[in-house]
>>> print(open('model-v1.cif').read())   # mmCIF, C-alpha atoms
data_structure
loop_
_atom_site.label_atom_id
_atom_site.label_comp_id
_atom_site.auth_asym_id
_atom_site.auth_seq_id
_atom_site.Cartn_x
_atom_site.Cartn_y
_atom_site.Cartn_z
CA MET A 1 135.46 114.34 103.77
CA ALA A 2 132.60 111.95 102.93
CA ILE A 3 129.46 113.35 101.32
CA ALA A 4 125.77 112.42 101.38
CA LEU A 5 123.05 114.15 99.37
CA ILE A 6 119.54 114.53 100.77
CA PHE A 7 116.34 115.61 99.04
CA PRO A 8 113.43 117.55 100.60
CA GLY A 9 109.83 116.44 101.00
CA GLN A 10 106.45 118.13 100.87
CA GLY A 11 106.21 121.44 102.68
CA SER A 12 109.41 122.85 101.17
CA GLN A 13 107.61 124.13 98.05
CA ASP A 14 107.30 127.85 97.41
CA VAL A 15 106.23 129.92 94.43
CA GLY A 16 109.29 131.00 92.45
CA MET A 17 111.37 127.93 93.25
CA GLY A 18 113.62 127.03 90.35
CA ARG A 19 113.06 130.30 88.51
CA GLU A 20 116.58 131.65 89.15
CA LEU A 21 118.08 128.32 88.11
CA VAL A 22 116.28 128.54 84.77
CA SER A 23 117.37 132.13 84.21
CA GLN A 24 121.04 131.16 84.58
CA TYR A 25 121.38 127.55 83.45
CA ALA A 26 120.13 125.80 80.31
CA ALA A 27 120.51 122.45 82.09
CA ALA A 28 117.88 123.49 84.63
CA ARG A 29 115.51 124.69 81.90
CA ALA A 30 115.84 121.29 80.21
CA VAL A 31 114.77 119.52 83.41
CA PHE A 32 111.60 121.58 83.79
CA ASP A 33 110.78 121.19 80.09
CA GLU A 34 111.15 117.40 80.39
CA VAL A 35 108.92 117.27 83.47
CA ASP A 36 106.27 119.43 81.78
CA GLU A 37 106.31 117.13 78.75
CA ALA A 38 106.12 113.97 80.89
CA LEU A 39 103.10 115.29 82.78
CA GLY A 40 101.40 116.90 79.81
CA ASP A 41 100.97 120.26 81.55
CA LYS A 42 102.94 123.38 82.38
CA LEU A 43 103.85 122.53 85.98
CA SER A 44 106.85 124.85 85.66
CA ALA A 45 104.52 127.83 85.15
CA VAL A 46 102.76 127.02 88.42
CA MET A 47 106.14 126.67 90.15
CA PHE A 48 107.49 129.97 88.87
CA GLU A 49 104.33 132.09 89.00
CA GLY A 50 101.81 130.35 91.28
CA PRO A 51 99.17 130.58 92.54
CA LYS A 52 100.49 129.08 95.76
CA ASP A 53 97.35 127.06 96.52
CA THR A 54 97.70 125.32 93.15
CA LEU A 55 101.39 124.58 93.72
CA THR A 56 100.60 123.24 97.20
CA LEU A 57 98.17 120.63 95.86
CA THR A 58 99.80 117.28 96.60
CA HIS A 59 99.81 116.09 92.98
CA ASN A 60 101.66 119.27 91.95
CA ALA A 61 103.96 119.76 94.95
CA GLN A 62 105.46 116.27 94.74
CA PRO A 63 106.74 116.34 91.12
CA ALA A 64 107.58 120.05 91.45
CA LEU A 65 109.91 119.54 94.40
CA MET A 66 111.57 116.64 92.62
CA ALA A 67 112.07 118.79 89.53
CA VAL A 68 113.90 121.50 91.46
CA SER A 69 116.16 118.92 93.12
CA ILE A 70 117.06 117.29 89.80
CA ALA A 71 117.57 120.70 88.18
CA VAL A 72 120.18 121.51 90.85
CA MET A 73 121.79 118.10 90.27
CA ARG A 74 121.95 118.62 86.49
CA VAL A 75 123.52 122.05 86.94
CA LEU A 76 126.17 120.64 89.28
CA GLU A 77 126.87 117.77 86.88
CA THR A 78 126.80 119.51 83.51
CA GLU A 79 128.14 122.95 84.43
CA PHE A 80 130.68 122.06 87.10
CA GLY A 81 131.58 118.41 86.54
CA PHE A 82 130.09 116.96 89.72
CA ASP A 83 130.33 113.15 89.63
CA LEU A 84 127.81 111.46 91.92
CA VAL A 85 129.52 108.07 91.89
CA LYS A 86 132.99 109.44 92.65
CA SER A 87 131.88 112.10 95.13
CA VAL A 88 128.99 110.68 97.17
CA LYS A 89 128.77 107.86 99.70
CA CYS A 90 124.95 107.65 99.75
CA VAL A 91 121.74 109.58 99.09
CA ALA A 92 118.40 109.83 100.88
CA GLY A 93 115.18 111.82 100.77
CA HIS A 94 112.28 112.65 103.05
CA SER A 95 109.06 110.95 101.83
CA LEU A 96 108.65 112.10 98.20
CA GLY A 97 112.31 113.13 98.41
CA GLU A 98 113.21 109.45 98.33
CA TYR A 99 111.98 109.46 94.71
CA SER A 100 114.19 112.49 94.02
CA ALA A 101 117.13 110.57 95.50
CA HIS A 102 116.37 107.64 93.19
CA ALA A 103 116.08 109.96 90.18
CA ALA A 104 119.44 111.51 91.05
CA ALA A 105 121.01 108.06 91.36
CA GLY A 106 119.48 106.79 88.11
CA THR A 107 117.01 104.25 89.52
CA PHE A 108 114.24 105.90 87.48
CA THR A 109 114.36 108.26 84.53
CA LEU A 110 113.35 111.86 85.18
CA ALA A 111 110.14 111.47 83.15
CA ASP A 112 109.14 108.28 84.97
CA THR A 113 109.85 109.87 88.34
CA ALA A 114 107.63 112.85 87.48
CA ARG A 115 104.79 110.54 86.42
CA LEU A 116 105.19 108.34 89.51
CA LEU A 117 105.03 111.37 91.80
CA ARG A 118 102.00 112.83 90.01
CA LEU A 119 100.24 109.48 90.54
CA ARG A 120 101.49 109.22 94.12
CA GLY A 121 100.13 112.67 94.93
CA GLU A 122 96.76 111.93 93.34
CA ALA A 123 96.50 108.53 95.05
CA MET A 124 97.44 109.86 98.48
CA GLN A 125 94.90 112.66 98.21
CA ALA A 126 92.16 110.29 97.03
CA ALA A 127 92.82 107.64 99.68
CA VAL A 128 91.01 109.50 102.47
CA PRO A 129 88.06 111.92 102.09
CA VAL A 130 88.88 115.52 103.06
CA GLY A 131 88.17 116.09 106.75
CA VAL A 132 88.43 112.44 107.78
CA GLY A 133 92.15 112.44 108.54
CA ALA A 134 94.68 114.73 110.22
CA MET A 135 98.32 114.99 111.28
CA ALA A 136 99.95 116.55 114.34
CA ALA A 137 103.53 117.27 115.37
CA LEU A 138 104.40 116.26 118.93
CA LEU A 139 106.91 118.46 120.68
CA GLY A 140 109.02 117.31 123.59
CA VAL A 141 108.62 113.53 123.48
CA ASN A 142 110.78 110.77 122.01
CA LEU A 143 109.74 108.03 119.61
CA ASP A 144 108.90 105.42 122.25
CA THR A 145 106.66 107.86 124.14
CA ALA A 146 105.03 108.99 120.89
CA ARG A 147 104.11 105.39 120.12
CA ILE A 148 102.47 105.03 123.54
CA ILE A 149 100.52 108.27 123.04
CA ALA A 150 99.42 107.18 119.57
CA ALA A 151 98.19 103.82 120.87
CA GLU A 152 96.22 105.46 123.69
CA ALA A 153 94.72 108.11 121.40
CA ALA A 154 93.61 105.61 118.75
CA GLN A 155 90.66 104.12 120.67
CA GLY A 156 89.80 101.82 117.81
CA GLN A 157 90.75 104.31 115.09
CA VAL A 158 94.02 104.80 113.22
CA CYS A 159 96.73 106.86 114.91
CA ASP A 160 100.23 106.02 113.65
CA VAL A 161 103.72 107.51 113.86
CA ALA A 162 104.16 109.12 110.42
CA ASN A 163 107.51 110.88 110.77
CA ASP A 164 110.37 110.50 113.23
CA ASN A 165 111.94 113.79 112.18
CA ASP A 166 114.41 114.61 114.94
CA PRO A 167 114.88 113.78 118.64
CA GLY A 168 112.20 116.28 119.70
CA GLN A 169 109.71 116.19 116.84
CA ILE A 170 107.51 113.21 116.02
CA VAL A 171 104.52 113.49 113.67
CA LEU A 172 101.39 111.38 114.15
CA SER A 173 98.82 110.67 111.44
CA GLY A 174 95.40 109.03 111.28
CA HIS A 175 91.71 109.64 111.85
CA LYS A 176 91.02 113.27 112.74
CA ALA A 177 89.28 112.48 116.03
CA ALA A 178 92.14 110.23 117.14
CA VAL A 179 94.80 112.80 116.27
CA GLU A 180 92.81 115.51 118.08
CA ARG A 181 92.82 113.34 121.23
CA VAL A 182 96.62 113.29 121.25
CA ALA A 183 97.08 116.65 123.03
CA GLU A 184 95.07 115.53 126.07
CA VAL A 185 96.25 111.92 126.10
CA GLY A 186 99.86 113.05 125.88
CA LYS A 187 99.90 115.31 128.93
CA PRO A 188 100.62 112.57 131.50
CA HIS A 189 103.45 111.37 129.24
CA GLY A 190 105.25 114.73 129.22
CA LEU A 191 103.97 116.02 125.90
CA ARG A 192 104.62 119.78 125.76
CA ARG A 193 102.42 120.47 122.78
CA ALA A 194 100.65 118.84 119.85
CA VAL A 195 100.51 121.08 116.78
CA MET A 196 97.88 120.20 114.18
CA LEU A 197 99.45 120.41 110.72
CA PRO A 198 97.86 122.15 107.71
CA VAL A 199 97.83 119.08 105.47
CA SER A 200 95.25 117.85 103.00
CA ALA A 201 95.45 114.16 103.96
CA PRO A 202 96.84 111.90 106.73
CA PHE A 203 100.09 110.80 105.10
CA HIS A 204 102.21 107.81 106.18
CA CYS A 205 99.57 105.92 108.13
CA ALA A 206 97.38 102.86 107.59
CA LEU A 207 94.64 104.99 106.01
CA MET A 208 96.95 105.40 102.99
CA GLN A 209 96.69 101.72 102.00
CA PRO A 210 94.70 102.49 98.80
CA ALA A 211 97.56 104.77 97.72
CA ALA A 212 100.11 102.05 98.53
CA ASP A 213 98.14 99.66 96.32
CA ALA A 214 98.16 102.23 93.48
CA MET A 215 101.93 102.68 93.81
CA ALA A 216 102.48 98.91 93.84
CA GLU A 217 100.67 98.69 90.49
CA ALA A 218 102.59 101.64 89.01
CA LEU A 219 106.00 100.51 90.25
CA ALA A 220 105.42 97.02 88.88
CA HIS A 221 105.34 98.45 85.37
CA VAL A 222 108.11 101.07 85.44
CA ALA A 223 111.68 100.51 84.30
CA MET A 224 114.19 100.44 87.15
CA LYS A 225 117.98 100.21 87.43
CA SER A 226 120.22 99.70 90.42
CA PRO A 227 121.04 103.17 91.79
CA SER A 228 124.57 104.34 91.11
CA VAL A 229 125.07 104.92 94.85
CA PRO A 230 123.18 103.40 97.81
CA VAL A 231 119.87 105.02 98.75
CA ILE A 232 118.97 105.04 102.46
CA ALA A 233 115.33 103.98 102.59
CA ASN A 234 112.76 105.82 104.71
CA VAL A 235 111.12 102.70 106.14
CA THR A 236 114.27 100.77 107.08
CA ALA A 237 116.84 103.56 107.57
CA ALA A 238 119.26 101.24 105.75
CA PRO A 239 121.06 101.46 102.39
CA VAL A 240 119.45 99.71 99.43
CA THR A 241 120.58 99.08 95.84
CA ASP A 242 118.47 96.12 94.64
CA PRO A 243 115.59 97.24 92.36
CA ALA A 244 113.16 94.59 93.63
CA GLN A 245 113.79 95.64 97.22
CA ILE A 246 113.53 99.32 96.28
CA ARG A 247 110.13 98.67 94.69
CA ASP A 248 108.87 96.95 97.84
CA LEU A 249 110.23 99.69 100.13
CA LEU A 250 108.64 102.49 98.10
CA VAL A 251 105.26 100.77 98.35
CA ARG A 252 105.67 100.26 102.11
CA GLN A 253 106.77 103.89 102.48
CA VAL A 254 103.27 105.18 101.65
CA VAL A 255 101.82 103.74 104.88
CA GLY A 256 105.06 103.41 106.86
CA THR A 257 106.95 105.71 109.20
CA VAL A 258 109.53 108.06 107.66
CA ARG A 259 112.46 107.17 109.92
CA TRP A 260 114.38 110.34 109.11
CA ARG A 261 116.24 110.60 112.43
CA GLU A 262 117.59 107.08 111.96
CA CYS A 263 118.40 107.75 108.29
CA VAL A 264 120.66 110.62 109.34
CA MET A 265 122.23 108.50 112.08
CA GLN A 266 122.89 105.82 109.45
CA MET A 267 124.74 108.37 107.32
CA ALA A 268 127.00 109.19 110.25
CA ALA A 269 127.53 105.47 110.92
CA LEU A 270 128.61 105.04 107.30
CA GLY A 271 131.30 107.69 107.82
CA VAL A 272 129.54 110.66 106.20
CA THR A 273 130.89 114.02 107.39
CA ASP A 274 129.11 116.50 105.11
CA VAL A 275 125.47 116.49 104.03
CA PHE A 276 124.07 118.62 101.19
CA GLU A 277 120.33 119.23 100.90
CA ILE A 278 119.59 119.43 97.18
CA GLY A 279 116.49 121.39 96.18
CA SER A 280 113.96 123.81 97.61
CA GLY A 281 114.16 125.01 101.22
CA LYS A 282 116.40 124.34 104.19
CA VAL A 283 114.24 122.08 106.39
CA LEU A 284 116.30 118.91 106.15
CA ALA A 285 119.63 120.64 106.76
CA GLY A 286 118.18 122.00 110.00
CA LEU A 287 117.01 118.54 111.03
CA VAL A 288 120.44 117.04 110.28
CA LYS A 289 122.14 119.53 112.59
CA ARG A 290 119.72 118.69 115.40
CA ILE A 291 120.01 114.95 114.93
CA GLU A 292 123.78 114.52 114.58
CA LYS A 293 125.93 117.46 115.60
CA THR A 294 129.07 115.93 114.06
CA LEU A 295 127.63 116.38 110.56
CA ASN A 296 128.01 119.54 108.51
CA ALA A 297 124.81 120.38 106.61
CA THR A 298 124.43 122.77 103.66
CA SER A 299 121.33 123.63 101.58
CA VAL A 300 121.77 123.97 97.82
CA GLY A 301 118.74 125.23 95.92
CA THR A 302 119.60 128.50 94.14
CA PRO A 303 122.46 129.79 91.94
CA ALA A 304 123.89 131.61 94.97
CA ASP A 305 123.75 128.38 96.99
CA ILE A 306 125.51 126.53 94.18
CA ALA A 307 128.29 129.12 94.08
CA ALA A 308 128.75 128.85 97.85
CA ALA A 309 128.72 125.03 97.81
CA ARG A 310 131.13 124.50 94.92
CA PRO A 311 134.32 124.77 96.99
CA LEU A 312 132.81 122.49 99.63
CA LEU A 313 132.03 119.95 96.90
CA GLY A 314 135.50 120.31 95.42
CA LEU A 315 134.18 121.87 92.21
#
>>> encode(input="model-v1.cif", output="structure tokens")
Amino acid sequence: MAIALIFPGQGSQDVGMGRELVSQYAAARAVFDEVDEALGDKLSAVMFEGPKDTLTLTHNAQPALMAVSIAVMRVLETEFGFDLVKSVKCVAGHSLGEYSAHAAAGTFTLADTARLLRLRGEAMQAAVPVGVGAMAALLGVNLDTARIIAAEAAQGQVCDVANDNDPGQIVLSGHKAAVERVAEVGKPHGLRRAVMLPVSAPFHCALMQPAADAMAEALAHVAMKSPSVPVIANVTAAPVTDPAQIRDLLVRQVVGTVRWRECVMQMAALGVTDVFEIGSGKVLAGLVKRIEKTLNATSVGTPADIAAARPLLGL
């Protein structure tokens, strides 16, 4: 058995996440306290009690999701003796989840990761005025076809592949008018449906360049270590351990495609047999099962999940 850990991205947040962990484990409470202190506000109160629209704000959702993931990690490590280096072949995360993966592997401290994600959320939201951009999920076409559709829909505007999530779901991002053209442009290419996504900004496209510049500045001044296990990067779908390369990849990630399908295929190529999604929700575990049927995928985000996963993790 060879294990990989994966960490969820935006969209997996929900009011109440982490609350059961805090009620049962002091290690989880310590994580949320540290994140609150690093950010200078009570993010944990918004996570546990809402309101949902406040939690969903990008600058809150990003550090909040990371906090839940690291809380689960700390519980596994401090309560049950989980050893990342001895137990795990690699880690990865979807978009902001890549920062969670780096926090878990020790690239950044927890406090620095929280501050980076607060800045990342603010910068991504500020990069494009509300209403100018949009995102849409394409159903029924592969990556090559999605690229053709995006190019035809652009018509001088930005329309990029934001996420290659699984073999049947590609997400496009860019100017609102261009993304709205996708449904019609895609018909001759076999597109079944284009679903407009309820997002506040067009993430992972060229319009995010101001946010990439902000992250380049922030990452240039934050302490970094080599991760204790390789991290599979979103933009290359390849393992990385060198801090300078990690810095460059995290900057490129803001405007680049999240190559999640290829990240999962890379895990399988590295010999991984079992994947554990650490944190809120079950989205990534579902994607893993659709991408590579040879992989076992388990979501671990609550005390009950931890209890169920312990024998699978050898704890």
>>> resolve_selection(input="model-v1.cif", expression="the PyMOL selection byres ((chain A and resi 296) around 8)", output="PyMOL selection string")
chain A and resi 273-275+289+293-295+297-298
>>> closest_atom_pairs(input="model-v1.cif", of="stretch 82-167 of chain A", to="stretch 178-190 of chain A", cutoff="7 Å", atoms="all atoms listed in the file", output="CSV")
residue,atom,partner,partner_atom,distance
A:Ala134,CA,A:Val179,CA,6.4
A:Met135,CA,A:Val179,CA,6.5
A:Ala136,CA,A:Val179,CA,6.7
A:Val141,CA,A:Gly190,CA,6.8
A:Thr145,CA,A:His189,CA,7.0
A:Ile149,CA,A:Gly186,CA,5.6
A:Ala150,CA,A:Val182,CA,6.9
A:Glu152,CA,A:Val185,CA,6.9
A:Ala153,CA,A:Ala178,CA,5.4
A:Ala154,CA,A:Ala178,CA,5.1
A:Gln157,CA,A:Ala178,CA,6.4
A:Val158,CA,A:Ala178,CA,7.0
A:Cys159,CA,A:Ala178,CA,6.1
>>> residues_around(input="model-v1.cif", residues="A:Ala216", least_positions_apart="5", cutoff="9 Å", atoms="only C-alpha atoms", output="list of chain:residue names")
A:Ala211, A:His221, A:Arg247, A:Asp248, A:Leu250, A:Val251, A:Arg252
>>> resolve_selection(input="model-v1.cif", expression="the PyMOL selection byres ((chain A and resi 306) around 12)", output="NGL selection string")
:A and (20-21 or 24-25 or 71-77 or 79-80 or 82 or 276-279 or 298-305 or 307-315)
>>> resolve_selection(input="model-v1.cif", expression="the PyMOL selection byres ((chain A and resi 112) around 10)", output="list in words")
Val35, Ala38, Leu39, Ala103, Thr107, Phe108, Thr109, Leu110, Ala111, Thr113, Ala114, Arg115, Leu116, Leu117, Arg118, Leu219, Val222, Ala223 and Met224 of chain A
>>> write_last_selection(input="model-v1.cif", atoms="C-alpha atoms", output="tab-separated table (two decimals), in the frame of the given file")
chain	number	residue	atom	x	y	z
A	35	VAL	CA	108.92	117.27	83.47
A	38	ALA	CA	106.12	113.97	80.89
A	39	LEU	CA	103.10	115.29	82.78
A	103	ALA	CA	116.08	109.96	90.18
A	107	THR	CA	117.01	104.25	89.52
A	108	PHE	CA	114.24	105.90	87.48
A	109	THR	CA	114.36	108.26	84.53
A	110	LEU	CA	113.35	111.86	85.18
A	111	ALA	CA	110.14	111.47	83.15
A	113	THR	CA	109.85	109.87	88.34
A	114	ALA	CA	107.63	112.85	87.48
A	115	ARG	CA	104.79	110.54	86.42
A	116	LEU	CA	105.19	108.34	89.51
A	117	LEU	CA	105.03	111.37	91.80
A	118	ARG	CA	102.00	112.83	90.01
A	219	LEU	CA	106.00	100.51	90.25
A	222	VAL	CA	108.11	101.07	85.44
A	223	ALA	CA	111.68	100.51	84.30
A	224	MET	CA	114.19	100.44	87.15
>>> closest_residue(input="model-v1.cif", among="A:Leu43, A:Ala2, A:Met124, A:Val229", to="A:Ala201", atoms="all atoms listed in the file")
A:Met124
>>> closest_residue(input="model-v1.cif", among="A:Ala123, A:Ala28, A:Ala137, A:Ala212", to="A:Thr58", atoms="all atoms listed in the file")
A:Ala123
>>> closest_atom_pairs(input="model-v1.cif", of="stretch 91-202 of chain A", to="stretch 45-56 of chain A", cutoff="12 Å", atoms="only C-alpha atoms", output="JSON lines")
{"residue": "A:Gly121", "atom": "CA", "partner": "A:Thr56", "partner_atom": "CA", "distance": 10.8}
{"residue": "A:Pro198", "atom": "CA", "partner": "A:Thr56", "partner_atom": "CA", "distance": 10.9}
{"residue": "A:Val199", "atom": "CA", "partner": "A:Thr56", "partner_atom": "CA", "distance": 9.7}
{"residue": "A:Ser200", "atom": "CA", "partner": "A:Thr56", "partner_atom": "CA", "distance": 9.6}
>>> atom_distance(input="model-v1.cif", atom1="atom CA of A:Val31", atom2="atom CA of A:Pro230")
23.2 Å
>>> atom_distance(input="model-v1.cif", atom1="atom CA of A:Met17", atom2="atom CA of A:Arg259")
26.6 Å
>>> atom_distance(input="model-v1.cif", atom1="atom CA of A:Pro202", atom2="atom CA of A:Ser280")
22.8 Å
>>> residues_around(input="model-v1.cif", residues="A:Gly133", least_positions_apart="3", cutoff="8 Å", atoms="only C-alpha atoms", output="MDAnalysis selection string")
chainID A and resid 128:130 173:176 201:202
>>> closest_residue(input="model-v1.cif", among="A:Ala64, A:Leu5, A:Ala177, A:Val235", to="A:Gly131", atoms="all atoms listed in the file")
A:Ala177
>>> closest_residue(input="model-v1.cif", among="A:Asp33, A:Ser69, A:Asn234, A:Asn165", to="A:Gly286", atoms="all atoms listed in the file")
A:Asn165
>>> closest_residue(input="model-v1.cif", among="A:Val132, A:Val264, A:Leu191, A:Ala104", to="A:Ala146", atoms="all atoms listed in the file")
A:Leu191
